$ cat coords24.pdb   # PDB, C-alpha atoms and all ligand atoms
ATOM      1  CA  MET X   9      -3.600  24.889  61.172
ATOM      2  CA  THR X  10      -1.102  26.427  58.734
ATOM      3  CA  SER X  11       1.746  28.212  60.530
ATOM      4  CA  LEU X  12       2.869  31.794  59.926
ATOM      5  CA  THR X  13       5.661  31.593  62.502
ATOM      6  CA  GLY X  14       8.543  33.939  61.723
ATOM      7  CA  ARG X  15       6.511  36.002  59.258
ATOM      8  CA  VAL X  16       5.910  39.729  59.552
ATOM      9  CA  ALA X  17       2.488  40.873  58.353
ATOM     10  CA  VAL X  18       1.025  44.317  57.747
ATOM     11  CA  ILE X  19      -2.763  44.486  57.731
ATOM     12  CA  THR X  20      -4.328  47.765  56.671
ATOM     13  CA  GLY X  21      -7.527  48.769  58.448
ATOM     14  CA  ALA X  22      -7.032  46.225  61.214
ATOM     15  CA  SER X  23      -8.615  48.162  64.077
ATOM     16  CA  ARG X  24     -12.075  46.726  63.412
ATOM     17  CA  GLY X  25     -14.080  44.199  61.442
ATOM     18  CA  ILE X  26     -12.448  41.879  58.916
ATOM     19  CA  GLY X  27      -8.977  43.440  59.280
ATOM     20  CA  LYS X  28      -9.079  42.885  63.028
ATOM     21  CA  GLY X  29     -10.139  39.266  62.471
ATOM     22  CA  ILE X  30      -7.227  38.734  60.074
ATOM     23  CA  ALA X  31      -4.768  40.316  62.538
ATOM     24  CA  LEU X  32      -5.947  38.040  65.372
ATOM     25  CA  GLU X  33      -5.842  34.931  63.146
ATOM     26  CA  PHE X  34      -2.372  35.682  61.766
ATOM     27  CA  ALA X  35      -1.031  36.349  65.282
ATOM     28  CA  LYS X  36      -2.557  33.094  66.518
ATOM     29  CA  ARG X  37      -0.582  31.340  63.779
ATOM     30  CA  GLY X  38       2.686  32.950  64.900
ATOM     31  CA  ALA X  39       3.050  36.032  62.670
ATOM     32  CA  LYS X  40       4.220  39.367  64.038
ATOM     33  CA  VAL X  41       1.471  41.779  63.077
ATOM     34  CA  VAL X  42       1.382  45.495  62.306
ATOM     35  CA  VAL X  43      -2.160  46.717  63.007
ATOM     36  CA  ASN X  44      -2.749  49.721  60.753
ATOM     37  CA  TYR X  45      -5.637  52.061  61.477
ATOM     38  CA  HIS X  46      -6.885  55.408  60.244
ATOM     39  CA  SER X  47      -8.504  57.233  63.172
ATOM     40  CA  ASN X  48      -9.527  54.654  65.754
ATOM     41  CA  ALA X  49      -6.402  54.407  67.952
ATOM     42  CA  GLU X  50      -8.304  52.985  70.899
ATOM     43  CA  SER X  51      -9.628  50.024  68.885
ATOM     44  CA  ALA X  52      -6.238  49.411  67.243
ATOM     45  CA  ASN X  53      -4.525  49.380  70.645
ATOM     46  CA  ALA X  54      -7.170  46.975  71.937
ATOM     47  CA  VAL X  55      -6.337  44.590  69.047
ATOM     48  CA  VAL X  56      -2.634  44.818  69.943
ATOM     49  CA  ASP X  57      -3.450  44.189  73.631
ATOM     50  CA  GLU X  58      -5.549  41.144  72.754
ATOM     51  CA  ILE X  59      -2.741  39.697  70.641
ATOM     52  CA  THR X  60      -0.034  40.292  73.253
ATOM     53  CA  ALA X  61      -2.265  38.975  76.065
ATOM     54  CA  ASN X  62      -2.464  35.720  74.096
ATOM     55  CA  GLY X  63       1.324  35.528  73.760
ATOM     56  CA  GLY X  64       1.581  37.052  70.270
ATOM     57  CA  SER X  65       3.482  40.027  68.939
ATOM     58  CA  ALA X  66       1.868  43.141  67.440
ATOM     59  CA  SER X  67       2.076  46.899  67.224
ATOM     60  CA  ALA X  68      -0.320  49.574  65.996
ATOM     61  CA  PHE X  69       0.544  52.147  63.345
ATOM     62  CA  GLN X  70      -1.610  55.087  62.270
ATOM     63  CA  ALA X  71      -1.656  55.870  58.559
ATOM     64  CA  ASP X  72      -4.220  56.979  56.035
ATOM     65  CA  VAL X  73      -3.168  54.459  53.413
ATOM     66  CA  SER X  74      -4.810  56.408  50.592
ATOM     67  CA  ILE X  75      -2.067  59.027  50.980
ATOM     68  CA  GLU X  76       1.298  58.159  49.445
ATOM     69  CA  GLU X  77       3.545  59.511  52.217
ATOM     70  CA  GLN X  78       1.527  57.749  54.912
ATOM     71  CA  ALA X  79       1.405  54.428  53.059
ATOM     72  CA  ASN X  80       5.180  54.672  52.635
ATOM     73  CA  GLU X  81       5.608  55.438  56.347
ATOM     74  CA  LEU X  82       3.602  52.345  57.273
ATOM     75  CA  ILE X  83       5.853  50.076  55.230
ATOM     76  CA  LYS X  84       9.017  51.903  56.351
ATOM     77  CA  TYR X  85       7.981  51.502  59.999
ATOM     78  CA  THR X  86       7.565  47.757  59.415
ATOM     79  CA  THR X  87      10.857  47.160  57.610
ATOM     80  CA  THR X  88      12.721  49.309  60.148
ATOM     81  CA  HIS X  89      11.094  47.915  63.279
ATOM     82  CA  TYR X  90      10.833  44.249  62.176
ATOM     83  CA  GLU X  91      13.574  44.264  59.494
ATOM     84  CA  GLN X  92      11.275  42.584  56.940
ATOM     85  CA  ILE X  93       7.787  42.448  55.487
ATOM     86  CA  ASP X  94       6.568  39.042  54.360
ATOM     87  CA  ILE X  95       2.810  39.528  54.137
ATOM     88  CA  LEU X  96       0.744  42.560  53.152
ATOM     89  CA  VAL X  97      -3.029  42.454  53.470
ATOM     90  CA  ASN X  98      -4.700  45.383  51.709
ATOM     91  CA  ASN X  99      -7.940  45.403  53.657
ATOM     92  CA  ALA X 100      -8.761  49.056  54.462
ATOM     93  CA  GLY X 101     -12.058  49.997  52.872
ATOM     94  CA  VAL X 102     -15.053  52.289  53.063
ATOM     95  CA  THR X 103     -18.444  52.661  51.413
ATOM     96  CA  ARG X 104     -20.337  55.795  50.340
ATOM     97  CA  ASP X 105     -23.415  54.174  48.808
ATOM     98  CA  ASN X 106     -25.975  56.047  46.750
ATOM     99  CA  VAL X 107     -27.697  55.878  43.391
ATOM    100  CA  ILE X 108     -25.515  57.418  40.705
ATOM    101  CA  MET X 109     -27.711  60.483  40.211
ATOM    102  CA  LEU X 110     -27.284  61.432  43.890
ATOM    103  CA  MET X 111     -23.687  60.262  44.382
ATOM    104  CA  LYS X 112     -21.239  63.129  44.752
ATOM    105  CA  PRO X 113     -17.928  63.046  42.862
ATOM    106  CA  GLU X 114     -16.128  63.266  46.240
ATOM    107  CA  ASP X 115     -17.903  60.050  47.327
ATOM    108  CA  PHE X 116     -16.562  58.370  44.215
ATOM    109  CA  ASP X 117     -13.043  59.684  44.867
ATOM    110  CA  THR X 118     -13.003  58.751  48.577
ATOM    111  CA  VAL X 119     -14.023  55.177  47.860
ATOM    112  CA  ILE X 120     -11.620  54.703  44.947
ATOM    113  CA  ASN X 121      -8.754  56.248  46.899
ATOM    114  CA  THR X 122      -9.366  54.349  50.131
ATOM    115  CA  ASN X 123     -10.130  50.967  48.592
ATOM    116  CA  LEU X 124      -8.001  50.860  45.418
ATOM    117  CA  ARG X 125      -5.324  53.551  45.471
ATOM    118  CA  SER X 126      -4.270  52.443  48.972
ATOM    119  CA  ALA X 127      -3.689  48.857  47.795
ATOM    120  CA  TRP X 128      -1.558  50.114  44.930
ATOM    121  CA  LEU X 129       0.428  52.469  47.179
ATOM    122  CA  CYS X 130       1.081  49.927  49.956
ATOM    123  CA  SER X 131       2.013  47.199  47.475
ATOM    124  CA  LYS X 132       4.368  49.538  45.614
ATOM    125  CA  ALA X 133       6.063  50.394  48.906
ATOM    126  CA  ALA X 134       6.302  46.758  50.058
ATOM    127  CA  VAL X 135       7.503  44.935  46.940
ATOM    128  CA  ARG X 136      11.068  46.285  47.053
ATOM    129  CA  SER X 137      11.727  44.544  50.366
ATOM    130  CA  MET X 138       9.858  41.392  49.263
ATOM    131  CA  MET X 139      11.816  41.246  45.988
ATOM    132  CA  ARG X 140      15.105  41.500  47.863
ATOM    133  CA  LYS X 141      14.051  38.599  50.059
ATOM    134  CA  ARG X 142      12.562  36.708  47.129
ATOM    135  CA  TYR X 143       9.508  36.003  49.220
ATOM    136  CA  GLY X 144       6.172  37.697  49.660
ATOM    137  CA  ARG X 145       2.447  37.285  50.009
ATOM    138  CA  ILE X 146       0.100  40.107  49.021
ATOM    139  CA  ILE X 147      -3.581  39.576  49.757
ATOM    140  CA  ASN X 148      -6.116  42.114  48.561
ATOM    141  CA  ILE X 149      -9.591  42.219  50.046
ATOM    142  CA  THR X 150     -12.063  42.723  47.243
ATOM    143  CA  SER X 151     -15.819  41.976  47.387
ATOM    144  CA  ILE X 152     -18.489  40.095  45.517
ATOM    145  CA  SER X 153     -19.753  43.611  44.614
ATOM    146  CA  GLY X 154     -16.669  43.875  42.407
ATOM    147  CA  ILE X 155     -17.653  40.636  40.656
ATOM    148  CA  MET X 156     -21.449  40.843  40.446
ATOM    149  CA  GLY X 157     -22.082  44.574  40.818
ATOM    150  CA  GLN X 158     -24.507  46.025  43.326
ATOM    151  CA  ALA X 159     -27.091  48.776  42.824
ATOM    152  CA  GLY X 160     -26.133  51.847  44.840
ATOM    153  CA  GLN X 161     -22.452  50.910  44.817
ATOM    154  CA  THR X 162     -21.120  52.166  41.480
ATOM    155  CA  ASN X 163     -18.126  53.656  43.303
ATOM    156  CA  TYR X 164     -17.512  50.687  45.611
ATOM    157  CA  SER X 165     -17.982  48.031  42.901
ATOM    158  CA  ALA X 166     -15.603  49.914  40.608
ATOM    159  CA  SER X 167     -12.971  50.015  43.375
ATOM    160  CA  LYS X 168     -13.389  46.297  44.096
ATOM    161  CA  ALA X 169     -13.349  45.282  40.407
ATOM    162  CA  GLY X 170     -10.235  47.438  40.117
ATOM    163  CA  ILE X 171      -8.661  45.448  42.950
ATOM    164  CA  ILE X 172      -9.172  42.260  40.934
ATOM    165  CA  GLY X 173      -7.446  43.648  37.834
ATOM    166  CA  PHE X 174      -4.683  45.054  40.005
ATOM    167  CA  THR X 175      -4.223  41.658  41.718
ATOM    168  CA  LYS X 176      -3.840  39.801  38.417
ATOM    169  CA  SER X 177      -1.463  42.331  36.863
ATOM    170  CA  LEU X 178       0.791  42.510  39.913
ATOM    171  CA  ALA X 179       0.730  38.721  40.253
ATOM    172  CA  ARG X 180       2.105  38.418  36.709
ATOM    173  CA  GLU X 181       4.629  41.201  37.275
ATOM    174  CA  ILE X 182       6.320  39.790  40.385
ATOM    175  CA  ALA X 183       5.742  36.039  40.182
ATOM    176  CA  SER X 184       9.339  35.453  39.113
ATOM    177  CA  ARG X 185      10.459  36.864  42.500
ATOM    178  CA  ASN X 186       8.455  34.245  44.404
ATOM    179  CA  ILE X 187       5.859  36.790  45.483
ATOM    180  CA  THR X 188       2.232  35.729  45.197
ATOM    181  CA  VAL X 189      -0.650  38.174  44.855
ATOM    182  CA  ASN X 190      -4.196  37.001  45.480
ATOM    183  CA  ALA X 191      -7.573  38.441  46.384
ATOM    184  CA  VAL X 192     -10.255  37.376  48.821
ATOM    185  CA  ALA X 193     -13.837  38.302  47.884
ATOM    186  CA  PRO X 194     -16.101  38.253  50.922
ATOM    187  CA  GLY X 195     -19.858  38.147  50.619
ATOM    188  CA  PHE X 196     -21.991  39.730  53.353
ATOM    189  CA  VAL X 197     -20.245  39.856  56.749
ATOM    190  CA  LEU X 198     -21.598  41.733  59.773
ATOM    191  CA  THR X 199     -19.196  44.592  60.619
ATOM    192  CA  ASP X 200     -19.464  48.362  61.095
ATOM    193  CA  LEU X 201     -19.494  48.599  57.282
ATOM    194  CA  THR X 202     -22.727  46.619  56.945
ATOM    195  CA  LYS X 203     -24.452  47.165  60.292
ATOM    196  CA  ASP X 204     -26.713  49.922  58.966
ATOM    197  CA  LEU X 205     -28.112  47.968  56.023
ATOM    198  CA  SER X 206     -31.905  47.782  56.208
ATOM    199  CA  GLU X 207     -33.496  44.724  57.797
ATOM    200  CA  GLU X 208     -35.330  44.219  54.489
ATOM    201  CA  LEU X 209     -32.054  43.968  52.538
ATOM    202  CA  VAL X 210     -30.516  41.694  55.185
ATOM    203  CA  ASN X 211     -33.470  39.296  55.014
ATOM    204  CA  GLN X 212     -33.590  39.511  51.212
ATOM    205  CA  SER X 213     -29.852  38.766  50.989
ATOM    206  CA  LYS X 214     -30.306  35.421  52.712
ATOM    207  CA  THR X 215     -32.659  34.293  49.950
ATOM    208  CA  PHE X 216     -29.917  34.528  47.302
ATOM    209  CA  ILE X 217     -26.996  33.226  49.404
ATOM    210  CA  PRO X 218     -26.892  29.467  48.753
ATOM    211  CA  LEU X 219     -25.658  28.818  52.306
ATOM    212  CA  ALA X 220     -28.548  31.052  53.490
ATOM    213  CA  ARG X 221     -26.546  33.012  56.062
ATOM    214  CA  TRP X 222     -24.018  35.835  56.300
ATOM    215  CA  GLY X 223     -20.335  34.990  56.727
ATOM    216  CA  GLU X 224     -18.339  35.353  59.927
ATOM    217  CA  VAL X 225     -15.266  37.583  60.171
ATOM    218  CA  ALA X 226     -13.245  34.492  61.171
ATOM    219  CA  GLU X 227     -14.255  32.714  57.945
ATOM    220  CA  ILE X 228     -12.680  35.523  55.900
ATOM    221  CA  ALA X 229      -9.598  35.422  58.128
ATOM    222  CA  TYR X 230      -9.110  31.664  57.575
ATOM    223  CA  ALA X 231      -9.042  32.212  53.794
ATOM    224  CA  ALA X 232      -6.511  35.046  54.135
ATOM    225  CA  ALA X 233      -4.362  32.920  56.463
ATOM    226  CA  PHE X 234      -4.308  30.091  53.931
ATOM    227  CA  LEU X 235      -3.268  32.420  51.084
ATOM    228  CA  ALA X 236      -0.563  33.878  53.372
ATOM    229  CA  SER X 237       0.854  30.450  54.202
ATOM    230  CA  ASP X 238       3.685  28.479  52.611
ATOM    231  CA  GLU X 239       1.111  25.865  51.579
ATOM    232  CA  ALA X 240      -0.419  28.390  49.133
ATOM    233  CA  GLY X 241       2.908  28.987  47.372
ATOM    234  CA  TYR X 242       1.679  27.810  43.964
ATOM    235  CA  ILE X 243      -1.446  29.981  43.955
ATOM    236  CA  THR X 244      -1.204  33.451  42.443
ATOM    237  CA  GLY X 245      -3.551  35.842  40.641
ATOM    238  CA  HIS X 246      -6.497  34.014  42.170
ATOM    239  CA  VAL X 247      -9.736  35.491  43.502
ATOM    240  CA  LEU X 248     -11.066  33.365  46.355
ATOM    241  CA  ASN X 249     -14.775  33.966  46.960
ATOM    242  CA  VAL X 250     -15.758  33.504  50.610
ATOM    243  CA  ASP X 251     -19.409  34.231  50.146
ATOM    244  CA  GLY X 252     -21.532  31.181  50.900
ATOM    245  CA  GLY X 253     -21.767  30.542  47.155
ATOM    246  CA  THR X 254     -23.344  33.890  46.266
ATOM    247  CA  ALA X 255     -21.194  34.787  43.267
ATOM    248  CA  MET X 256     -20.703  31.340  41.702
TER
HETATM  249  P1  LIG O   1     -15.036  48.190  58.848
HETATM  250  O1  LIG O   1     -15.498  47.334  59.976
HETATM  251  O2  LIG O   1     -15.765  49.445  58.562
HETATM  252  O3  LIG O   1     -13.484  48.509  59.087
HETATM  253  C1  LIG O   1     -12.797  49.337  58.177
HETATM  254  C2  LIG O   1     -11.350  49.412  58.581
HETATM  255  O4  LIG O   1     -10.658  50.185  57.577
HETATM  256  C3  LIG O   1     -11.112  50.137  59.916
HETATM  257  O5  LIG O   1     -10.057  49.498  60.589
HETATM  258  C4  LIG O   1     -10.700  51.544  59.489
HETATM  259  O6  LIG O   1      -9.840  52.208  60.425
HETATM  260  C5  LIG O   1      -9.928  51.223  58.213
HETATM  261  N1  LIG O   1      -9.768  52.346  57.302
HETATM  262  C6  LIG O   1     -10.736  53.065  56.671
HETATM  263  N2  LIG O   1     -10.174  54.032  55.910
HETATM  264  C7  LIG O   1      -8.832  53.921  56.062
HETATM  265  C8  LIG O   1      -7.715  54.630  55.560
HETATM  266  N3  LIG O   1      -7.876  55.647  54.705
HETATM  267  N4  LIG O   1      -6.485  54.255  55.950
HETATM  268  C9  LIG O   1      -6.310  53.221  56.818
HETATM  269  N5  LIG O   1      -7.325  52.507  57.323
HETATM  270  C10 LIG O   1      -8.576  52.848  56.955
HETATM  271  O7  LIG O   1     -15.051  47.374  57.467
HETATM  272  P2  LIG O   1     -15.023  45.797  57.165
HETATM  273  O8  LIG O   1     -16.395  45.348  56.911
HETATM  274  O9  LIG O   1     -14.181  45.089  58.151
HETATM  275  O10 LIG O   1     -14.288  45.796  55.733
HETATM  276  C11 LIG O   1     -12.929  45.434  55.573
HETATM  277  C12 LIG O   1     -12.689  45.165  54.100
HETATM  278  O11 LIG O   1     -13.521  44.087  53.670
HETATM  279  C13 LIG O   1     -13.030  46.352  53.201
HETATM  280  O12 LIG O   1     -12.088  46.441  52.146
HETATM  281  C14 LIG O   1     -14.399  45.995  52.667
HETATM  282  O13 LIG O   1     -14.652  46.605  51.432
HETATM  283  C15 LIG O   1     -14.253  44.484  52.533
HETATM  284  N6  LIG O   1     -15.531  43.776  52.480
HETATM  285  C16 LIG O   1     -16.395  43.806  53.537
HETATM  286  C17 LIG O   1     -17.598  43.119  53.435
HETATM  287  C18 LIG O   1     -18.591  43.088  54.571
HETATM  288  O14 LIG O   1     -19.691  42.553  54.377
HETATM  289  N7  LIG O   1     -18.280  43.605  55.749
HETATM  290  C19 LIG O   1     -17.914  42.412  52.273
HETATM  291  C20 LIG O   1     -17.012  42.423  51.214
HETATM  292  C21 LIG O   1     -15.825  43.094  51.327
HETATM  293  P3  LIG O   1     -10.421  53.099  61.669
HETATM  294  O15 LIG O   1     -11.003  52.116  62.649
HETATM  295  O16 LIG O   1      -9.240  53.799  62.225
HETATM  296  O17 LIG O   1     -11.463  53.999  61.085
END
$ encode --input "coords24.pdb" --output "structure tokens"
Amino acid sequence: MTSLTGRVAVITGASRGIGKGIALEFAKRGAKVVVNYHSNAESANAVVDEITANGGSASAFQADVSIEEQANELIKYTTTHYEQIDILVNNAGVTRDNVIMLMKPEDFDTVINTNLRSAWLCSKAAVRSMMRKRYGRIINITSISGIMGQAGQTNYSASKAGIIGFTKSLAREIASRNITVNAVAPGFVLTDLTKDLSEELVNQSKTFIPLARWGEVAEIAYAAAFLASDEAGYITGHVLNVDGGTAM
């Protein structure tokens, strides 16, 4: 198991789902973890409790990361409280699915702001400290919807494709400072985000996933942990699909 001992990691949207899984995995590997959440304080505190009960170190921090001041506060809290930020995982995300004719402009804006703008804001706030230290790992959670497209997700797919372009540009921009920037593209994973998908779509999805099953939260977390590790130091600008082969 790759170690993250001595590293300080911020994970946005870590109160539930994939972000929670990444927080638990990073803590297990020795990182101190800042568990960001938007509105679900109880769940975020439960993640912190689980980490500390297992001998790890974590704290929860509320911030709507789509808002500049709040994204800045999240990073400032981390660099003040832990004196460094080594790893940033831009994971916070939402969906507002609909066919384009019925999708409201505010559903487009919410998804773009929460999924894409937040990653840009948090990264912008974090790179100064990483550059000073000449070390950093930024991991952006995209989606196979950003690679393949998905009917009913014109807003979501655009945000996730945007994440990929953002990842590659930032990777080029800050590589000389020993900061890597990569993306993880999950396929279908059962979380609050996907729990309301129709049984028909769930069953249909398994017919086009080569591994014929949905992914586990932990399987996404293992990929993020690898990209956050020292062993991944020569990988940057990469999009790692963790999707059972769906998008190959
Ligand atoms: P989830 O279970 O719905 O969890 C979403 C998390 O994001 C929660 O912790 C939520 O905080 C947080 N969040 C939402 N808006 C936020 C904001 N404005 N500021 C800060 N935090 C915010 O979703 P998930 O399935 O774990 O998804 C996590 C990421 O993986 C997303 O980027 C998603 O697009 C991506 N992804 C998921 C799948 C999948 O199949 N599940 C597939 C591909 C990609 P609160 O609890 O406080 O509301």
$ axis_aligned_box --input "coords24.pdb" --around "ligand LIG 1 (chain O)" --padding-each-side "4 Å" --output "lines of an AutoDock Vina configuration file"
center_x = -13.0
center_y = 49.0
center_z = 56.9
size_x = 21.4
size_y = 21.2
size_z = 19.4
$ residues_around --input "coords24.pdb" --residues "stretch 174-179 of chain X" --least-positions-apart "3" --cutoff "8 Å" --atoms "only C-alpha atoms" --output "list in words"
Trp128, Asn148, Gly170, Ile171, Ile182, Ala183, Ile187, Thr188, Val189, Asn190, Ala191, Thr244, Gly245 and His246 of chain X
$ residues_near_ligand --input "coords24.pdb" --ligand "ligand LIG 1 (chain O)" --cutoff "8 Å" --atoms "only C-alpha atoms and all ligand atoms" --output "JSON, numbers by chain"
{"X": [20, 21, 22, 23, 24, 25, 26, 27, 28, 44, 45, 46, 47, 48, 49, 51, 52, 70, 71, 72, 73, 74, 75, 98, 99, 100, 101, 102, 103, 121, 122, 123, 126, 149, 150, 151, 152, 153, 164, 168, 193, 194, 195, 196, 197, 198, 199, 200, 201, 202, 223, 225]}
$ residues_around --input "coords24.pdb" --residues "X:Ala31" --least-positions-apart "6" --cutoff "7 Å" --atoms "only C-alpha atoms" --output "PDB file with C-alpha atoms, keeping the file's coordinate frame"
ATOM      1  CA  ILE X  19      -2.763  44.486  57.731  1.00  0.00           C
ATOM      2  CA  ALA X  22      -7.032  46.225  61.214  1.00  0.00           C
ATOM      3  CA  VAL X  41       1.471  41.779  63.077  1.00  0.00           C
ATOM      4  CA  VAL X  43      -2.160  46.717  63.007  1.00  0.00           C
TER       5      VAL X  43
END
$ closest_residue --input "coords24.pdb" --among "X:Phe234, X:Phe116, X:Phe69, X:Trp222" --to "X:Ile83" --atoms "only C-alpha atoms"
X:Phe69
$ closest_residue --input "coords24.pdb" --among "X:Ala61, X:Met9, X:Val18, X:Ala39" --to "X:Val97" --atoms "all atoms listed in the file"
X:Val18
$ resolve_selection --input "coords24.pdb" --expression "the PyMOL selection byres (((chain X and resi 205-217) around 8) and not hetatm)" --output "MDAnalysis selection string"
chainID X and resid 202:204 218:222 251:254
$ write_last_selection --input "coords24.pdb" --atoms "C-alpha atoms" --output "PDB file, in the frame of the given file"
ATOM      1  CA  THR X 202     -22.727  46.619  56.945  1.00  0.00           C
ATOM      2  CA  LYS X 203     -24.452  47.165  60.292  1.00  0.00           C
ATOM      3  CA  ASP X 204     -26.713  49.922  58.966  1.00  0.00           C
ATOM      4  CA  PRO X 218     -26.892  29.467  48.753  1.00  0.00           C
ATOM      5  CA  LEU X 219     -25.658  28.818  52.306  1.00  0.00           C
ATOM      6  CA  ALA X 220     -28.548  31.052  53.490  1.00  0.00           C
ATOM      7  CA  ARG X 221     -26.546  33.012  56.062  1.00  0.00           C
ATOM      8  CA  TRP X 222     -24.018  35.835  56.300  1.00  0.00           C
ATOM      9  CA  ASP X 251     -19.409  34.231  50.146  1.00  0.00           C
ATOM     10  CA  GLY X 252     -21.532  31.181  50.900  1.00  0.00           C
ATOM     11  CA  GLY X 253     -21.767  30.542  47.155  1.00  0.00           C
ATOM     12  CA  THR X 254     -23.344  33.890  46.266  1.00  0.00           C
TER      13      THR X 254
END
$ resolve_selection --input "coords24.pdb" --expression "the PyMOL selection byres (((chain X and resi 90-92) around 12) and not hetatm)" --output "JSON, numbers by chain"
{"X": [14, 15, 16, 17, 18, 39, 40, 41, 42, 65, 66, 67, 82, 83, 84, 85, 86, 87, 88, 89, 93, 94, 95, 96, 134, 135, 136, 137, 138, 139, 140, 141, 142, 143, 144]}
$ atom_distance --input "coords24.pdb" --atom1 "atom CA of X:Arg145" --atom2 "atom CA of X:Ala226"
19.5 Å
$ decode --input "coords24.pdb" --residues "stretch 22-33 of chain X" --atoms "C-alpha atoms" --output "PDB file, in the first residue's frame"
ATOM      1  CA  ALA X  22     -16.024  14.437   1.338  1.00  0.00           C
ATOM      2  CA  SER X  23     -19.099  14.067   3.543  1.00  0.00           C
ATOM      3  CA  ARG X  24     -20.584  11.319   1.370  1.00  0.00           C
ATOM      4  CA  GLY X  25     -19.994   8.979  -1.539  1.00  0.00           C
ATOM      5  CA  ILE X  26     -16.722   8.966  -3.466  1.00  0.00           C
ATOM      6  CA  GLY X  27     -15.236  11.919  -1.548  1.00  0.00           C
ATOM      7  CA  LYS X  28     -15.855  10.142   1.743  1.00  0.00           C
ATOM      8  CA  GLY X  29     -14.217   6.992   0.358  1.00  0.00           C
ATOM      9  CA  ILE X  30     -11.161   8.997  -0.716  1.00  0.00           C
ATOM     10  CA  ALA X  31     -10.937  10.691   2.706  1.00  0.00           C
ATOM     11  CA  LEU X  32     -11.043   7.328   4.519  1.00  0.00           C
ATOM     12  CA  GLU X  33      -8.470   5.778   2.151  1.00  0.00           C
TER      13      GLU X  33
END
